[in-house]
>>> print(open('query12.txt').read())   # compact mmCIF, C-alpha atoms and all ligand atoms
# COMPACT_ATOMS: atom_id res chain seq x y z
CA MET A 1 104.40 75.83 86.43
CA ALA A 2 106.77 74.36 89.01
CA SER A 3 109.05 77.41 88.98
CA LEU A 4 106.05 79.75 89.48
CA MET A 5 104.95 77.77 92.54
CA THR A 6 108.37 77.95 94.20
CA GLU A 7 108.47 81.70 93.57
CA LYS A 8 105.10 82.14 95.28
CA ILE A 9 106.31 80.13 98.29
CA ASN A 10 109.46 82.25 98.56
CA ILE A 11 107.44 85.48 98.47
CA SER A 12 105.01 84.32 101.17
CA SER A 13 107.83 83.19 103.48
CA ASN A 14 109.56 86.55 103.02
CA THR A 15 106.46 88.53 103.90
CA LEU A 16 105.91 86.32 106.96
CA SER A 17 109.39 87.07 108.28
CA ILE A 18 108.88 90.80 107.68
CA THR A 19 105.46 90.94 109.35
CA ASN A 20 105.63 92.92 112.58
CA ARG A 21 103.53 91.86 115.50
CA CYS A 22 102.47 93.78 118.56
CA GLY A 23 104.61 92.86 121.54
CA SER A 24 101.56 92.93 123.81
CA CYS A 25 98.62 91.36 121.94
CA ASN A 26 100.59 89.73 119.08
CA LYS A 27 98.31 91.44 116.59
CA LYS A 28 99.67 91.76 113.07
CA LEU A 29 100.90 95.27 112.48
CA GLY A 30 100.48 96.90 109.12
CA LEU A 31 102.84 99.35 107.53
CA LEU A 32 102.82 101.58 110.60
CA PRO A 33 104.10 99.73 113.66
CA PHE A 34 104.52 101.98 116.67
CA SER A 35 107.95 101.70 118.21
CA CYS A 36 108.39 102.40 121.90
CA LYS A 37 111.35 103.76 123.83
CA CYS A 38 111.83 100.24 125.27
CA GLY A 39 112.69 98.99 121.77
CA GLY A 40 109.49 96.99 121.20
CA ILE A 41 106.91 97.54 118.49
CA TYR A 42 103.22 97.75 119.30
CA CYS A 43 99.82 98.32 117.74
CA ALA A 44 97.89 101.57 118.13
CA LEU A 45 96.25 100.25 121.30
CA HIS A 46 99.45 99.18 123.02
CA ARG A 47 101.89 101.83 121.86
CA ALA A 48 101.50 103.73 125.14
CA ASP A 49 103.93 102.61 127.83
CA ALA A 50 101.04 102.05 130.27
CA THR A 51 99.30 99.54 127.98
CA HIS A 52 102.25 97.19 127.56
CA ASN A 53 104.88 95.87 129.91
CA CYS A 54 107.22 98.69 129.10
CA LYS A 55 110.77 98.05 130.24
CA TYR A 56 111.87 101.59 129.59
CA ASP A 57 112.82 103.35 132.81
CA TYR A 58 110.25 106.13 132.73
CA GLN A 59 110.32 106.40 136.53
CA ALA A 60 113.91 107.57 136.51
CA GLU A 61 112.98 110.16 133.91
CA ASN A 62 109.93 111.25 135.92
CA LYS A 63 111.97 111.50 139.12
CA LYS A 64 114.39 113.79 137.35
CA CYS A 65 111.53 116.00 136.16
CA LEU A 66 109.86 115.94 139.59
CA SER A 67 113.04 116.88 141.44
CA THR A 68 113.69 119.80 139.11
CA SER A 69 110.08 121.02 139.40
CA MET A 70 110.22 120.63 143.20
CA VAL A 71 113.34 122.77 143.31
CA LYS A 72 111.59 125.40 141.20
CA LEU A 73 108.55 125.34 143.52
CA ALA A 74 110.77 125.66 146.58
CA GLU A 75 112.55 128.59 145.01
CA LYS A 76 109.21 130.28 144.30
CA LYS A 77 108.01 129.72 147.87
CA ILE A 78 111.20 131.19 149.25
CA GLN A 79 110.74 134.24 147.03
CA VAL A 80 107.12 134.67 148.18
CA LEU A 81 108.04 134.33 151.85
ZN ZN B 101 98.58 95.33 120.68
ZN ZN B 102 107.65 100.32 125.90
>>> encode(input="query12.txt", output="structure tokens")
Amino acid sequence: MASLMTEKINISSNTLSITNRCGSCNKKLGLLPFSCKCGGIYCALHRADATHNCKYDYQAENKKCLSTSMVKLAEKKIQVL
């Protein structure tokens, strides 16, 4: 009996350490935690960068995209004129 009890305790402590929690609401995540580009894991509600304090530098990425699209637009305008 005693050995069975210790085994149960070991199993529960293992599962506790494995359990993933949402970095925003601390909700227990099941088998499908959503990982973000910032390295955190979040629930379905907080997986979007806007719904958690995302540290990933999306602005730098957006600026790159914007500048390239602006150049394209400018090129088009020049062609039209
Ligand atoms: Zn969450
Ligand atoms: Zn993030």
>>> residues_near_ligand(input="query12.txt", ligand="ligand ZN 102 (chain B)", cutoff="6 Å", atoms="only C-alpha atoms and all ligand atoms", output="ChimeraX atom specification")
/A:36-38,49,54-56
>>> residues_near_ligand(input="query12.txt", ligand="ligand ZN 101 (chain B)", cutoff="6 Å", atoms="all atoms listed in the file", output="ChimeraX atom specification")
/A:22,24-25,27,42-43,45-46
>>> atom_distance(input="query12.txt", atom1="CA of Gly30 (chain A)", atom2="CA of Ala48 (chain A)")
17.4 Å
>>> atom_distance(input="query12.txt", atom1="CA of Asn53 (chain A)", atom2="CA of Phe34 (chain A)")
14.6 Å
>>> atom_distance(input="query12.txt", atom1="CA of Arg21 (chain A)", atom2="CA of Gly40 (chain A)")
9.7 Å
>>> closest_residue(input="query12.txt", among="A:Asn62, A:Ile78, A:Val71, A:His52", to="Asn26 (chain A)", atoms="only C-alpha atoms")
A:His52
>>> closest_residue(input="query12.txt", among="A:Gln59, A:Asn20, A:Gln79, A:Ser67", to="Ser35 (chain A)", atoms="only C-alpha atoms")
A:Asn20
